[in-house]
Structures are given as structure tokens and as C-alpha cells.
Amino acid sequence: MSLAGYSGHCSDGMNWLWDELGLDIRIRSDVVGKGLHGLVGLALRRNPLRAHLLVSRVLGKHLPVRPRESLAAGRLLAAQACDGFPGAGGEPMTPGPLVVGYCETATSLGHTVADGIAGCDYLHTTRRVVPGVTPLLDFDEAHSHATFHWLMPTDPELVRAPRPLILVDDELSTGRTALGTIKALHAFAARPSYTVATLFDARPAESRRAFNELADRLGVSVRVVSLLAGELVLPPDVAVRAQRLRARHGDGGLGADPPDVPTWRHPVRFVRPDWPAELPDGARHGWSQADGALLDRAIPLVAGEIATVLTNASGRILLLGTEELMYTPLRIGAALDEIVPGDVVFHSTTRSPVYPIDAEGYAIRCALTFPAPDDPARVSHVYNVRPGLYDDIVVVVDSAANGGGAEADVSGMVGMLRRCAPVTVVTIPTRGPDGRPMTRQTGRVAGGMC
């Protein structure tokens, strides 16, 4: 069944890009019941290796989402991943699984999945280089704009232990990245089972067969669970179709000021909350159940401190993460939403270059581009942020991106955001895998072709 004939919550305004690209989608299962367009939007990539981008409406990466909705999606996906496991009823598995999320898009999703699985540990891949530290494993994501990412745990036993492994990604188009990861992990240390958990499983039939073939070859269980599953079929000329669309709409404005961005600047405030010295900012080097309990106590205090400096606590507030740093900002946003009368939404900056088109039904309507805070030699982006949308923007960075705490450290990003609304910059301390504090002088990020 083509998209044009699909009955799941779509409108003509959302169909035009699918039709222009000639995409065919056949839905197999829908756990949430919101239909295709309830969970996924569509945009064009600025990437010669892939023409389109499936844009999640619950992930909180490119599109704003209520924090509790993003957290709920992760918990629901965790339930799917646990189905049939000993821990499905809430009891810890023995041994507990390791959950691994992919940077940068699924760092937060992986964390929220791990939150829903008793007795597990969590680790996400990273593209941030730590001088003097050799990654434990590296992976090649061939279709990506930035191909290499690594596992860099504080304790290598986190990855070596023969425990079930759950890989979390926002969507599976072909599944090649997940297959490559499973092969590499199994060669490094064999484990009893692999589960790939994703919001949208769009693999074609031959890709699904590849997962069964790998399971037979390794002699272990390899399964995929998702909230929405279907088969996405691309026409042979999809890249040409995308190129024609980009030519029709000009350069998309990426790297330039949108026409409605004013030249004056809103005020900027800087907040360095009282953060527990032993608490990581995220799971780049591993995350335990004890870390989660400590975060639960710290987050309400951070949210309370932010609430006191907002320009309009009754207005529309954007809580913005930065690239791999998504989960902690998401949790801050959820806590802030509980204590202010305004409307709090969450999403994140990204290194992913997406083509903006200001048209009804297109997922990415506008773009702001700036030097990445942790590595000004490359660019970062934020989408669908423009003047008049928000009364306050709260952006959360880590100390490796904002080492000195002065405005100059994040001037590129903040300079663009403050054209849209008053900005509060919240800096969370970060540490390397050896536990030592990091600043921008001791940590850098690997570059990637855009």
C-alpha cells in the first residue's frame, strides 16, 4: 500500500514530499496507534549518501516535544525490548543487560529506554575525542554525515561482560549500522542475545532477512523491536528527485540568517548549578543505576534555579540540549515543566545537516547554523527556532564546550539564539573516562564531513 492510500492519521499537506520523492511505505505494526505522521515527519538531507531524513516527532532531536512525551516513548520502547526477557515484569534480569545508544541522535532515547529496564547499565557511543584515551571499540556508520563513533567506557568490563545487549537507535532504514555493531561487539566479546530497539523500523524485506541470517551465523538471538514498523521502499532515482527539489527551493537558507531574524539581541544569562561532583553529565563513559538515583535528586534543584532567572515563566519555554548532551537537558525540561506555569518543550542542537524548506507538511521549516561550542572548527545546527516562537530559550552545555563560563565560549550558538529570544546558558560539569574534570582545552570532538 502506498502512502497515498495509507489510512493512518495523515493529511494531504503532509503527503507532498513523500509523493515528490516517490517513497512507498507499508505499515506493519503501530504500537502507539498514532499512525505514520503521528510519529514521523520527512525532510531532505544535505548528504550525498542519503536523500531523505525521517524526522521523529517524539525523539526531541530536530522537532520540539513535550519532555514527558519523549520520556514516555522511551519507557514504551523499553517495554517492547523487555518483552520475553526475565525482567519484563520489573524484576532485574540476571545478568542485567547492557543498553547501548547511538550518538548523537539516540543518546537520550537510549537513556530513557535504560530507565525502563531494571538492573541494566547504559553507555552511548561518542564522537568526542579525549586526548590520551584510546577508544575501546570504533564503528563506521557509512551513510552518516560524520561516519566514525566510538565506545569509551570508564570500565571496559561494562562491554566485555557476557550479558544481553540492547542497541537503541531512533530509526532503522536498512539496519546496516546495527548489523555492523553486532558483528563488532560479538567479535569483541560474545553475548547471549542482541535486541535492537528503535522508534521506527523501516527496513525492506532483504534487510530483515539479513538480521535472521546473522542470528543463524552467530548462533544467538538477534531481534528488532519498535513502536512503528513498516517497509520503506525508495525509487532508484530518489537522489535525483531530491536534487531537483533542492534546486527548486534554492539553498534553503542554511548558514544564513532567516529573513525574519532581527539584528538586535535579547539578553543572555549564565547559570552554573550546584552539580554533584560524582555525577556524570551523561552516559558517554557509562551510566549506572546509582548515577540515575543521584540525578533524580539533583534535577529538581537545577530546574528550580533556572526557573528563578526566566524572563517569562508563564510563556513558551524551549529547553535545548546540545548534540550528544540530550538526556540531562530532557530531564531538566521535564522538571521545569512541573514547576513553571508556562509551556515547556525540548529538543537539541545537532551536527546533522538538514535542508530547510518553509512549507506546510515539511518537517524542518528553518535553520540556524553556528560554530559547534565544543569544536568551533566545525558547524552545528538547530532547526525550527525563529523569533516569536519562544519567550525563553534555555540551552544546556557541558564544561568541555563552555570551559570558561564566559559568553565568548559559546558566542556562535548564543549569538544566533539570542536573536530569537532571551537565552539562559546552563553549564553542567563533565568528566573524562578517568573521572577527571574536562574543559574545552582537554576535550575535543572528531570532525565530520557535512
# chains A, B, ... in the order shown; residues from 1 in each chain; ligands from 1
>>> residues_around(residues="Thr427 (chain A)", least_positions_apart="6", cutoff="6 Å", atoms="only C-alpha atoms", output="VMD selection string")
chain A and resid 272 396 to 398
>>> select_by_dssp(residues="region 53-231 of chain A", states="strand (DSSP E or B)", output="PyMOL selection string")
chain A and resi 53-56+65+98-101+121-124+126+128-129+137-140+148-151+165-172+193-201+221-231
>>> select_by_dssp(residues="region 275-445 of chain A", states="helix (DSSP H, G or I)", output="PyMOL selection string")
chain A and resi 289-307+327-339+407-417
>>> residues_around(residues="Glu104 (chain A)", least_positions_apart="3", cutoff="6 Å", atoms="only C-alpha atoms", output="list in words")
Thr107, Glu323 and Glu324 of chain A
>>> residues_around(residues="Gly180 (chain A)", least_positions_apart="3", cutoff="12 Å", atoms="only C-alpha atoms", output="number ranges by chain")
A: 138-142, 167, 174-177, 183-187, 210-211, 214
>>> write_last_selection(atoms="N, CA, C and O atoms", output="CSV table (one decimal), in the first residue's frame")
chain,number,residue,atom,x,y,z
A,138,ASP,N,35.5,1.0,17.9
A,138,ASP,CA,35.1,2.0,17.0
A,138,ASP,C,34.2,1.4,16.0
A,138,ASP,O,34.3,0.2,15.6
A,139,PHE,N,33.2,2.2,15.5
A,139,PHE,CA,32.2,1.8,14.5
A,139,PHE,C,32.2,2.8,13.3
A,139,PHE,O,32.5,4.0,13.5
A,140,ASP,N,31.9,2.3,12.2
A,140,ASP,CA,31.8,3.1,11.0
A,140,ASP,C,30.3,3.1,10.5
A,140,ASP,O,29.7,2.1,10.2
A,141,GLU,N,29.7,4.3,10.6
A,141,GLU,CA,28.3,4.5,10.1
A,141,GLU,C,28.4,5.1,8.7
A,141,GLU,O,28.3,6.3,8.6
A,142,ALA,N,28.5,4.2,7.7
A,142,ALA,CA,28.9,4.7,6.4
A,142,ALA,C,28.0,5.7,5.8
A,142,ALA,O,28.4,6.6,5.0
A,167,LEU,N,20.6,-2.6,21.7
A,167,LEU,CA,21.1,-1.4,21.0
A,167,LEU,C,19.9,-0.5,20.7
A,167,LEU,O,18.8,-1.0,20.3
A,174,THR,N,18.0,0.7,6.8
A,174,THR,CA,18.5,-0.5,6.2
A,174,THR,C,18.9,-1.5,7.3
A,174,THR,O,19.0,-2.7,7.1
A,175,GLY,N,19.3,-1.0,8.5
A,175,GLY,CA,19.8,-1.8,9.6
A,175,GLY,C,21.3,-2.1,9.4
A,175,GLY,O,21.8,-2.9,10.3
A,176,ARG,N,22.0,-1.6,8.4
A,176,ARG,CA,23.4,-1.9,8.2
A,176,ARG,C,24.3,-1.5,9.4
A,176,ARG,O,25.2,-2.2,9.8
A,177,THR,N,24.0,-0.3,10.0
A,177,THR,CA,24.7,0.1,11.2
A,177,THR,C,24.6,-0.8,12.3
A,177,THR,O,25.6,-1.2,13.0
A,183,LYS,N,28.1,-7.4,14.9
A,183,LYS,CA,29.3,-8.2,14.5
A,183,LYS,C,30.5,-7.8,15.3
A,183,LYS,O,31.3,-8.6,15.8
A,184,ALA,N,30.7,-6.4,15.4
A,184,ALA,CA,31.9,-6.0,16.1
A,184,ALA,C,31.9,-6.3,17.6
A,184,ALA,O,32.9,-6.7,18.2
A,185,LEU,N,30.7,-6.1,18.2
A,185,LEU,CA,30.6,-6.4,19.6
A,185,LEU,C,30.7,-7.9,19.9
A,185,LEU,O,31.3,-8.3,20.9
A,186,HIS,N,30.2,-8.8,19.0
A,186,HIS,CA,30.2,-10.2,19.2
A,186,HIS,C,31.7,-10.7,19.0
A,186,HIS,O,32.1,-11.6,19.7
A,187,ALA,N,32.4,-10.1,18.1
A,187,ALA,CA,33.8,-10.5,17.9
A,187,ALA,C,34.6,-10.0,19.1
A,187,ALA,O,35.6,-10.7,19.5
A,210,ALA,N,18.6,-10.2,6.5
A,210,ALA,CA,20.0,-10.1,6.9
A,210,ALA,C,20.1,-10.3,8.4
A,210,ALA,O,21.1,-10.9,8.9
A,211,PHE,N,19.1,-9.8,9.2
A,211,PHE,CA,19.2,-10.0,10.6
A,211,PHE,C,19.0,-11.5,11.0
A,211,PHE,O,19.7,-12.0,11.9
A,214,LEU,N,22.2,-13.3,10.2
A,214,LEU,CA,23.3,-13.0,11.2
A,214,LEU,C,23.0,-13.8,12.5
A,214,LEU,O,24.0,-14.4,13.1
>>> residues_around(residues="Leu310 (chain A)", least_positions_apart="4", cutoff="10 Å", atoms="only C-alpha atoms", output="PyMOL selection string")
chain A and resi 269+305-306+314-315+317+340+391-394+422-424
>>> residues_around(residues="Asp155 (chain A)", least_positions_apart="4", cutoff="9 Å", atoms="only C-alpha atoms", output="list in words")
Val159, His285, Gly286 and Pro433 of chain A
>>> atom_distance(atom1="CA of Leu123 (chain A)", atom2="CA of Ser108 (chain A)")
10.7 Å
>>> residues_around(residues="region 221-228 of chain A", least_positions_apart="3", cutoff="9 Å", atoms="only C-alpha atoms", output="VMD selection string")
chain A and resid 27 to 33 35 to 36 39 73 76 to 77 80 to 81 171 182 192 to 202 211 to 212 214 to 216 218
